[in-house]
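Student: File name upload-v3.txt; file contents compact mmCIF, C-alpha atoms and all ligand atoms; full text below.
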```
# COMPACT_ATOMS: atom_id res chain seq x y z
CA MET A 1 144.10 -49.51 121.99
CA ARG A 2 141.00 -47.97 120.35
CA ARG A 3 142.88 -47.97 117.05
CA ILE A 4 143.68 -51.71 117.33
CA ILE A 5 140.06 -52.58 118.21
CA GLY A 6 138.88 -50.36 115.34
CA ILE A 7 141.10 -52.11 112.79
CA ILE A 8 140.07 -55.58 114.09
CA VAL A 9 136.39 -54.67 113.60
CA PHE A 10 136.98 -52.76 110.35
CA ILE A 11 138.74 -55.44 108.27
CA PRO A 12 135.97 -58.11 108.32
CA PHE A 13 133.21 -55.49 108.24
CA GLN A 14 134.70 -53.73 105.20
CA THR A 15 135.22 -57.09 103.47
CA LEU A 16 131.56 -58.11 103.96
CA PHE A 17 130.45 -54.61 102.98
CA ILE A 18 132.29 -54.60 99.61
CA PRO A 19 129.19 -55.35 97.45
CA LEU A 20 127.27 -52.44 99.05
CA ALA A 21 130.32 -50.16 98.81
CA VAL A 22 130.58 -50.95 95.10
CA ILE A 23 126.87 -50.09 94.63
CA GLY A 24 127.52 -46.82 96.52
CA ALA A 25 130.49 -45.99 94.31
CA VAL A 26 128.47 -46.69 91.16
CA ILE A 27 125.56 -44.46 92.31
CA THR A 28 128.00 -41.66 93.24
CA TYR A 29 129.83 -41.96 89.90
CA TYR A 30 126.59 -41.99 87.89
CA LYS A 31 125.26 -38.86 89.64
CA GLN A 32 128.57 -36.98 89.48
CA VAL A 33 129.46 -37.77 85.88
CA HIS A 34 126.32 -38.65 83.93
CA VAL A 35 123.70 -36.53 85.70
CA SER A 36 126.15 -33.58 85.60
CA LYS A 37 126.59 -34.15 81.86
CA LYS A 38 122.81 -34.19 81.32
CA LEU A 39 122.54 -30.92 83.27
CA GLY A 40 125.50 -29.39 81.39
CA VAL A 41 127.39 -28.65 84.63
CA SER A 42 130.84 -29.34 86.08
CA GLN A 43 131.40 -32.89 87.42
CA THR A 44 134.69 -31.84 89.04
CA ALA A 45 132.87 -29.23 91.14
CA ILE A 46 130.63 -32.06 92.41
CA GLU A 47 133.70 -34.14 93.24
CA ILE A 48 134.97 -31.33 95.48
CA LEU A 49 131.52 -30.88 97.07
CA ASN A 50 131.45 -34.63 97.81
CA GLY A 51 134.87 -34.28 99.47
CA ARG A 52 133.77 -31.35 101.64
CA TRP A 53 130.53 -33.16 102.58
CA THR A 54 132.68 -36.11 103.68
CA MET A 55 134.93 -33.80 105.74
CA ASP A 56 131.86 -32.44 107.54
CA ARG A 57 130.31 -35.87 108.19
CA PHE A 58 133.62 -37.23 109.54
CA GLY A 59 134.09 -34.17 111.79
CA LEU A 60 137.14 -32.70 110.01
CA ARG A 61 135.61 -29.36 109.00
CA LYS A 62 132.13 -28.20 109.91
CA ASP A 63 130.35 -26.90 106.81
CA PRO A 64 126.54 -26.84 107.24
CA ALA A 65 125.97 -24.96 103.95
CA THR A 66 127.81 -27.67 101.99
CA VAL A 67 125.67 -30.36 103.64
CA LYS A 68 122.43 -28.49 102.86
CA LEU A 69 123.40 -27.92 99.22
CA PHE A 70 124.64 -31.52 98.83
CA ASN A 71 121.31 -32.82 100.17
CA VAL A 72 119.22 -31.09 97.48
CA LEU A 73 121.37 -31.23 94.32
CA PRO A 74 120.29 -33.75 91.67
CA ASN A 75 123.89 -34.81 90.89
CA THR A 76 124.92 -35.90 94.39
CA SER A 77 123.86 -38.95 96.40
CA GLY A 78 123.96 -39.23 100.17
CA LEU A 79 122.98 -42.90 99.87
CA GLY A 80 125.85 -43.51 97.42
CA LEU A 81 128.50 -41.86 99.59
CA TRP A 82 127.24 -43.45 102.81
CA LEU A 83 127.34 -46.91 101.21
CA ALA A 84 130.86 -46.27 99.92
CA LEU A 85 132.16 -44.86 103.21
CA PHE A 86 130.12 -46.49 106.00
CA PRO A 87 132.79 -48.99 107.23
CA LEU A 88 135.28 -46.09 107.45
CA TYR A 89 132.69 -44.13 109.46
CA VAL A 90 132.30 -47.05 111.89
CA LEU A 91 136.12 -47.19 112.18
CA LYS A 92 136.18 -43.45 112.91
CA GLN A 93 133.51 -43.85 115.61
CA ILE A 94 135.49 -46.62 117.34
CA VAL A 95 138.88 -44.88 117.13
CA GLY A 96 137.53 -41.39 117.89
CA LYS A 97 139.01 -39.79 114.77
CA PRO A 98 139.12 -40.62 111.04
CA VAL A 99 141.60 -43.34 110.01
CA LEU A 100 142.73 -44.13 106.43
CA TYR A 101 140.16 -41.76 104.84
CA PRO A 102 139.34 -38.87 105.04
CA ILE A 103 142.49 -37.66 106.76
CA VAL A 104 144.76 -34.61 106.71
CA LYS A 105 148.43 -35.52 106.20
CA LYS A 106 151.37 -33.41 107.36
CA ASN A 107 152.68 -30.99 104.74
CA GLY A 108 154.88 -32.87 102.30
CA ASN A 109 153.18 -36.25 102.89
CA GLU A 110 149.90 -35.51 101.12
CA THR A 111 148.68 -38.06 98.55
CA LEU A 112 145.97 -37.90 95.88
CA ALA A 113 143.56 -39.68 98.25
CA ASN A 114 143.64 -36.65 100.56
CA LEU A 115 143.62 -33.99 97.83
CA VAL A 116 140.39 -32.31 98.97
CA THR A 117 141.01 -32.58 102.73
CA SER A 118 144.56 -31.21 102.54
CA ARG A 119 143.95 -28.59 99.88
CA THR A 120 140.84 -27.22 101.63
CA GLY A 121 142.79 -26.75 104.88
CA TYR A 122 145.60 -24.80 103.17
CA PHE A 123 143.11 -22.59 101.34
CA ASP A 124 141.18 -21.91 104.56
CA GLU A 125 144.39 -20.94 106.36
CA ILE A 126 145.64 -18.51 103.68
CA LEU A 127 142.13 -17.08 103.21
CA ASP A 128 141.67 -16.44 106.94
CA LYS A 129 144.84 -14.34 106.95
CA SER A 130 144.13 -12.49 103.71
CA LEU A 131 140.47 -11.72 104.41
CA LYS A 132 141.39 -9.79 107.57
CA ASN A 133 142.69 -7.03 105.25
CA SER A 134 140.06 -7.27 102.52
CA GLU A 135 136.79 -5.56 101.78
CA GLN A 136 135.82 -7.77 98.84
CA PHE A 137 135.96 -11.52 98.24
CA VAL A 138 135.81 -12.86 94.68
CA VAL A 139 135.40 -16.62 94.24
CA MET A 140 136.56 -17.49 90.71
CA GLY A 141 135.29 -20.80 89.27
CA ALA A 142 133.20 -21.11 92.43
CA GLY A 143 131.51 -24.40 91.53
CA PHE A 144 129.59 -25.57 94.61
CA ASP A 145 131.94 -23.91 97.11
CA THR A 146 129.89 -22.57 100.04
CA ARG A 147 132.41 -20.24 101.70
CA CYS A 148 130.15 -17.25 100.92
CA TYR A 149 127.32 -18.81 102.98
CA GLY A 150 129.19 -19.52 106.18
CA ARG A 151 130.78 -17.03 108.53
CA MET A 152 131.77 -14.80 105.59
CA ALA A 153 128.14 -13.90 105.12
CA LYS A 154 128.27 -11.99 108.41
CA ASN A 155 131.56 -10.11 108.26
CA GLY A 156 130.61 -7.22 105.98
CA LEU A 157 132.64 -8.29 102.92
CA THR A 158 131.23 -7.68 99.46
CA LEU A 159 131.03 -11.15 97.93
CA PHE A 160 131.17 -12.26 94.29
CA GLU A 161 130.93 -15.72 92.74
CA LEU A 162 132.11 -16.33 89.17
CA ASP A 163 131.49 -19.47 87.14
CA LYS A 164 130.14 -20.74 83.84
CA LYS A 165 126.43 -20.22 83.27
CA HIS A 166 124.96 -23.73 83.77
CA THR A 167 126.99 -24.63 86.86
CA GLN A 168 126.20 -21.28 88.45
CA ASN A 169 122.48 -21.48 87.60
CA LEU A 170 122.17 -24.96 89.08
CA LYS A 171 123.85 -23.79 92.27
CA LYS A 172 121.64 -20.68 92.56
CA ASN A 173 118.44 -22.66 91.91
CA PHE A 174 119.25 -25.30 94.49
CA LEU A 175 120.55 -22.87 97.11
CA HIS A 176 117.04 -21.36 96.89
CA LYS A 177 115.58 -24.78 97.69
CA THR A 178 117.49 -24.78 100.96
CA ASN A 179 116.93 -21.94 103.44
CA ILE A 180 120.39 -20.51 102.68
CA GLU A 181 120.34 -16.74 102.14
CA THR A 182 122.01 -15.74 98.85
CA SER A 183 120.99 -12.09 98.45
CA HIS A 184 124.37 -10.86 99.78
CA VAL A 185 126.26 -12.61 96.94
CA HIS A 186 126.75 -11.11 93.47
CA PHE A 187 126.66 -13.94 90.92
CA VAL A 188 128.57 -13.26 87.70
CA GLU A 189 128.53 -15.63 84.72
CA VAL A 190 132.00 -15.84 83.18
CA ASP A 191 134.26 -17.96 81.00
CA PHE A 192 137.94 -17.32 81.73
CA ALA A 193 138.83 -18.80 78.33
CA THR A 194 136.64 -16.64 76.12
CA GLN A 195 135.49 -13.51 77.89
CA ARG A 196 136.73 -10.29 79.43
CA TRP A 197 135.52 -11.47 82.80
CA TYR A 198 136.83 -8.44 84.69
CA ASP A 199 134.43 -6.10 82.86
CA LYS A 200 131.56 -8.30 84.02
CA LEU A 201 132.87 -8.23 87.58
CA ILE A 202 133.01 -4.42 87.54
CA ASN A 203 129.47 -4.26 86.10
CA ALA A 204 128.35 -6.43 89.02
CA GLY A 205 129.61 -3.84 91.54
CA TYR A 206 133.28 -4.73 92.12
CA ASP A 207 135.26 -1.69 93.28
CA GLY A 208 138.87 -1.63 92.02
CA ASN A 209 139.93 0.68 94.88
CA LYS A 210 139.03 -1.82 97.59
CA LYS A 211 141.50 -4.46 98.77
CA THR A 212 140.25 -7.79 97.52
CA THR A 213 140.90 -11.47 98.12
CA PHE A 214 140.48 -13.57 94.98
CA LEU A 215 139.99 -17.30 95.44
CA TRP A 216 140.74 -19.48 92.39
CA GLU A 217 140.65 -23.02 93.73
CA GLY A 218 140.92 -26.10 91.54
CA VAL A 219 140.56 -24.21 88.26
CA THR A 220 144.02 -23.55 86.70
CA LEU A 221 144.45 -27.23 85.76
CA TYR A 222 141.48 -26.99 83.35
CA LEU A 223 142.81 -23.90 81.55
CA SER A 224 145.62 -23.10 79.10
CA GLU A 225 148.73 -21.12 80.06
CA LYS A 226 147.45 -18.31 77.83
CA ASP A 227 144.15 -18.06 79.73
CA ILE A 228 145.89 -18.28 83.10
CA ARG A 229 148.25 -15.46 82.13
CA LYS A 230 145.31 -13.42 80.81
CA THR A 231 143.54 -13.84 84.15
CA LEU A 232 146.66 -12.95 86.18
CA LYS A 233 147.08 -9.82 84.03
CA GLU A 234 143.46 -8.80 84.60
CA ILE A 235 143.98 -9.07 88.36
CA LYS A 236 147.32 -7.22 88.26
CA ASN A 237 145.88 -4.39 86.12
CA ASN A 238 142.59 -3.98 87.97
CA ALA A 239 143.03 -4.92 91.63
CA THR A 240 144.45 -2.42 94.08
CA SER A 241 147.86 -3.05 95.63
CA GLY A 242 147.57 -5.16 98.80
CA SER A 243 145.03 -7.49 97.20
CA THR A 244 145.69 -11.24 97.21
CA LEU A 245 144.98 -14.15 94.89
CA VAL A 246 144.82 -17.57 96.54
CA THR A 247 145.12 -20.35 94.00
CA ASP A 248 146.56 -23.78 93.23
CA PHE A 249 148.76 -25.24 90.51
CA TYR A 250 149.27 -28.87 89.51
CA ALA A 251 152.36 -30.78 88.38
CA LYS A 252 152.90 -31.46 84.66
CA GLN A 253 152.94 -35.22 85.41
CA PHE A 254 149.61 -34.79 87.22
CA VAL A 255 147.80 -33.12 84.31
CA ASN A 256 149.36 -35.64 81.86
CA GLY A 257 147.73 -38.32 84.00
CA ASP A 258 151.07 -40.01 84.91
CA MET A 259 150.41 -39.54 88.64
CA ILE A 260 146.74 -40.57 88.47
CA PRO A 261 145.73 -44.22 89.02
CA GLY A 262 143.74 -45.59 86.06
CA LYS A 263 145.15 -42.75 83.94
CA LYS A 264 143.28 -43.51 80.71
CA ILE A 265 139.84 -44.00 82.29
CA SER A 266 140.24 -40.99 84.60
CA LEU A 267 141.25 -38.64 81.77
CA GLU A 268 138.45 -39.97 79.50
CA GLN A 269 135.92 -39.47 82.33
CA LEU A 270 136.81 -35.76 82.53
CA LYS A 271 136.16 -35.34 78.80
CA ILE A 272 132.52 -36.41 79.33
CA THR A 273 131.80 -32.95 80.80
CA ASN A 274 134.45 -31.13 78.71
CA GLU A 275 136.82 -30.81 81.68
CA ALA A 276 140.02 -32.18 80.15
CA LEU A 277 143.17 -31.24 82.07
CA GLY A 278 145.36 -28.48 80.61
CA PHE A 279 148.03 -26.50 82.45
CA GLY A 280 150.80 -27.98 84.60
CA ILE A 281 153.97 -26.79 86.36
CA GLU A 282 157.42 -28.34 86.97
CA PHE A 283 158.12 -28.70 90.70
CA GLU A 284 161.45 -29.44 92.37
CA GLY A 285 160.65 -30.72 95.88
CA ASN A 286 159.23 -27.92 97.98
CA ASN A 287 160.18 -25.37 95.38
CA SER A 288 159.35 -24.38 91.82
CA LYS A 289 161.31 -22.06 89.58
CA ASP A 290 158.59 -22.58 86.97
CA LEU A 291 155.95 -21.27 89.37
CA GLU A 292 158.09 -18.33 90.53
CA ASP A 293 158.82 -17.41 86.89
CA LEU A 294 155.12 -17.55 85.98
CA ILE A 295 154.10 -15.30 88.86
CA GLU A 296 157.01 -12.85 88.64
CA SER A 297 156.71 -12.51 84.87
CA GLU A 298 153.18 -11.18 85.48
CA ASP A 299 154.60 -8.64 87.95
CA LEU A 300 153.03 -10.42 90.93
CA LYS A 301 154.74 -11.83 94.02
CA LEU A 302 154.62 -15.42 95.23
CA GLY A 303 153.74 -15.56 98.94
CA LYS A 304 153.14 -18.50 101.28
CA THR A 305 153.07 -21.70 99.23
CA TYR A 306 152.29 -25.27 100.32
CA TYR A 307 153.99 -27.85 98.09
CA MET A 308 151.89 -30.99 98.48
CA GLY A 309 153.50 -34.43 98.37
CA TYR A 310 157.11 -33.22 98.19
CA LYS A 311 158.25 -35.86 100.72
CA THR A 312 156.50 -38.74 98.91
CA LYS A 313 157.92 -41.03 96.20
CA LYS A 314 155.91 -39.30 93.48
CA GLY A 315 157.15 -35.89 94.58
CA THR A 316 155.22 -32.63 94.54
CA TRP A 317 151.96 -33.03 92.65
CA MET A 318 150.29 -29.72 93.47
CA ALA A 319 150.81 -26.45 95.33
CA VAL A 320 148.47 -24.01 97.06
CA SER A 321 149.80 -20.45 96.79
CA GLU A 322 149.21 -16.97 98.08
CA ILE A 323 149.93 -14.46 95.30
CA LEU A 324 150.40 -10.85 96.28
CA VAL A 325 149.25 -8.01 94.01
C1 LIG A 401 137.14 -28.50 90.33
S1 LIG A 401 135.88 -27.32 90.22
C2 LIG A 401 136.30 -26.31 91.61
C3 LIG A 401 135.11 -25.59 92.17
C4 LIG A 401 135.39 -24.73 93.40
N1 LIG A 401 136.42 -23.77 93.18
C5 LIG A 401 135.71 -25.58 94.60
O1 LIG A 401 136.87 -25.66 94.99
O2 LIG A 401 134.77 -26.17 95.14
C6 LIG A 401 136.32 -26.31 88.85
C7 LIG A 401 135.35 -25.16 88.61
O3 LIG A 401 135.95 -24.27 87.65
C8 LIG A 401 134.95 -23.86 86.75
N2 LIG A 401 135.61 -23.52 85.48
C9 LIG A 401 136.43 -24.31 84.74
N3 LIG A 401 136.81 -23.66 83.63
C10 LIG A 401 136.21 -22.45 83.67
C11 LIG A 401 136.21 -21.33 82.79
N4 LIG A 401 136.87 -21.36 81.63
N5 LIG A 401 135.50 -20.24 83.13
C12 LIG A 401 134.79 -20.21 84.31
N6 LIG A 401 134.77 -21.24 85.18
C13 LIG A 401 135.46 -22.35 84.86
C14 LIG A 401 134.04 -25.07 86.61
O4 LIG A 401 132.76 -24.72 86.11
C15 LIG A 401 134.01 -25.58 88.05
O5 LIG A 401 132.99 -24.99 88.79
```
Could you write out this file's structure as structure tokens?

Tutor:
Amino acid sequence: MRRIIGIIVFIPFQTLFIPLAVIGAVITYYKQVHVSKKLGVSQTAIEILNGRWTMDRFGLRKDPATVKLFNVLPNTSGLGLWLALFPLYVLKQIVGKPVLYPIVKKNGNETLANLVTSRTGYFDEILDKSLKNSEQFVVMGAGFDTRCYGRMAKNGLTLFELDKKHTQNLKKNFLHKTNIETSHVHFVEVDFATQRWYDKLINAGYDGNKKTTFLWEGVTLYLSEKDIRKTLKEIKNNATSGSTLVTDFYAKQFVNGDMIPGKKISLEQLKITNEALGFGIEFEGNNSKDLEDLIESEDLKLGKTYYMGYKTKKGTWMAVSEILV
């Protein structure tokens, strides 16, 4: 009944709200793409932060550190996102849970619209399991991820965040503007494409004898196969047995843009901050020989893997995987 009332209120309200929602979308786009470009930082990392902020505000995943960081960064806009999402928030309040967006779909039914909500949940689940046996946590291509500032800050893990210089500096500077404690995190500037990043990690205090969980979320799609293999090799050669890499891979048709609405504009938008898509995998339903071959050829083992979208018309468009060292 609440759902029916919600939809009856939502449709006319959303229709009347369209001009404000468009203004909200424009403000959000301008901040994410053009302000990020001016600052020389990742726009895609802001897109994920926006998604996690939305999850918090709609009650899907509490993340106070994300909200604090979002509120101070110059390339986010609370006004923009509220204008874009307010009718959906009203619908959520009436129904008692989010409807249409943001939602978490059952495994296999995920669509691009719930990329962040679904992916974040799978990562959290694999990480929770893996971190029980780890002494170190390395967030690779950390962007504006705030996992190191939540409950992980209190559980005695040694924490590292790796990213390119400008994105990392912006995050550090603005974390300082909030009251979030950062002294327990070792920040390491890296470029997976051009540097021996593992040497830098060791110089920052990483201990190769300690079991480690590596998180590499939303990064492989921006790299080449050569750089991905180089990174997998570094982990295999330097991390102790029993360590885990938690990462995601995207379908070839996804990185070519064939699965993305407004393909041309979307791919051009990514080039504005030099984040063109690169590496993709062939999936076959809830399976991938391509993925198994990649992981096994680097002498690693594929663990729990969530194939997202395998029951939909488009088929699998990404996978979140546990990789065992
Ligand atoms: C989509 S964002 C994901 C951020 C974060 N992992 C998350 O899930 O919130 C991609 C991140 O990868 C980083 N990245 C991309 N290519 C990189 C490279 N070659 N070396 C280091 N970081 C890179 C970007 O700077 C950006 O922060």

Student: When you count all atoms listed in the file, which of these residues is closest to ligand LIG 401 (chain A): A:Lys31, A:Lys106, A:Lys226, A:Lys62?

Tutor: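 With all atoms listed in the file as the atom set, the closest residue is A:Lys226.
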
Student: At a cut-off of 7 Å around ligand LIG 401 (chain A), and using only C-alpha atoms and all ligand atoms, what residues come up? Please write them as an NGL selection string.

Tutor: :A and (41-42 or 44-45 or 48-49 or 140-145 or 162-164 or 167 or 190-193 or 216-219 or 222-223)

Student: Return the single residue from A:Asn179, A:Ser77, A:Asn114, A:Gln43 that is closest to Gly24 of chain A, with distances computed using all atoms listed in the file.

Tutor: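 Closest to Gly24 of chain A, using all atoms listed in the file: A:Ser77.
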
Student: Find the residue from A:Thr244, A:Arg147, A:Leu302, A:Pro64 that sits nearest to Asp124 of chain A; use only C-alpha atoms when measuring.

Tutor: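 Selected residue with least distance to Asp124 of chain A: A:Arg147.
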
Student: Between A:Phe13, A:Arg61, A:Ile265, A:Ile23, which has the minimum distance to Leu79 of chain A (counting all atoms listed in the file)?

Tutor: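 Looking only at the distances to Leu79 of chain A, the closest residue turns out to be A:Ile23.
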
Student: Could you state the separation of atom CA of Gly108 of chain A and atom CA of Gly315 of chain A in Å, given to one decimal place?

Tutor: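 Pair atom CA of Gly108 of chain A / atom CA of Gly315 of chain A returns 8.6 Å.
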
Student: Do a neighbour search on Lys68 of chain A at 10 Å with all atoms listed in the file, toss out local chain neighbours closer than 3 positions, and write the hits as a PDB file with C-alpha atoms, in the coordinates of the input.

Tutor:
```pdb
ATOM      1  CA  TRP A  53     130.530 -33.160 102.580  1.00  0.00           C
ATOM      2  CA  ASP A  63     130.350 -26.900 106.810  1.00  0.00           C
ATOM      3  CA  PRO A  64     126.540 -26.840 107.240  1.00  0.00           C
ATOM      4  CA  ALA A  65     125.970 -24.960 103.950  1.00  0.00           C
ATOM      5  CA  ASN A  71     121.310 -32.820 100.170  1.00  0.00           C
ATOM      6  CA  VAL A  72     119.220 -31.090  97.480  1.00  0.00           C
ATOM      7  CA  LEU A  73     121.370 -31.230  94.320  1.00  0.00           C
ATOM      8  CA  THR A 146     129.890 -22.570 100.040  1.00  0.00           C
ATOM      9  CA  PHE A 174     119.250 -25.300  94.490  1.00  0.00           C
ATOM     10  CA  LEU A 175     120.550 -22.870  97.110  1.00  0.00           C
ATOM     11  CA  LYS A 177     115.580 -24.780  97.690  1.00  0.00           C
ATOM     12  CA  THR A 178     117.490 -24.780 100.960  1.00  0.00           C
ATOM     13  CA  ASN A 179     116.930 -21.940 103.440  1.00  0.00           C
ATOM     14  CA  ILE A 180     120.390 -20.510 102.680  1.00  0.00           C
TER      15      ILE A 180
END
```

Student: Can you pull out every residue within 12 Å of Lys132 of chain A, counting all atoms listed in the file, but drop anything in the same chain fewer than 6 positions away, and send it as a list of chain:residue names?

Tutor: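 Using all atoms listed in the file, the neighbours found are A:Glu125, A:Ile126, A:Met152, A:Asn155, A:Gly156, A:Leu157, A:Lys211, A:Thr212, A:Thr213, A:Gly242, A:Ser243, A:Thr244.
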
Student: Using only C-alpha atoms, which residues sit within 6 Å of segment 318-321 of chain A once same-chain residues fewer than 4 positions away are excluded, as a VMD selection string?

Tutor: chain A and resid 246 to 251 304 to 308

Student: Just checking: using all atoms listed in the file, which residue out of A:Val26, A:Tyr149, A:Asn209, A:Asn203 ends up closest to His184 of chain A?

Tutor: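 Distance minimum relative to His184 of chain A lands on A:Tyr149.
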
Student: Between atom CA of Ile18 of chain A and atom CA of Ala84 of chain A, what is the distance in Å, rounded to a tenth?

Tutor: 8.5 Å

Student: If you measure from atom CA of Glu268 of chain A to atom CA of Gly80 of chain A, what distance in Å do you get, rounded to one decimal?

Tutor: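 Straight-line distance from atom CA of Glu268 of chain A to atom CA of Gly80 of chain A works out to 22.2 Å.
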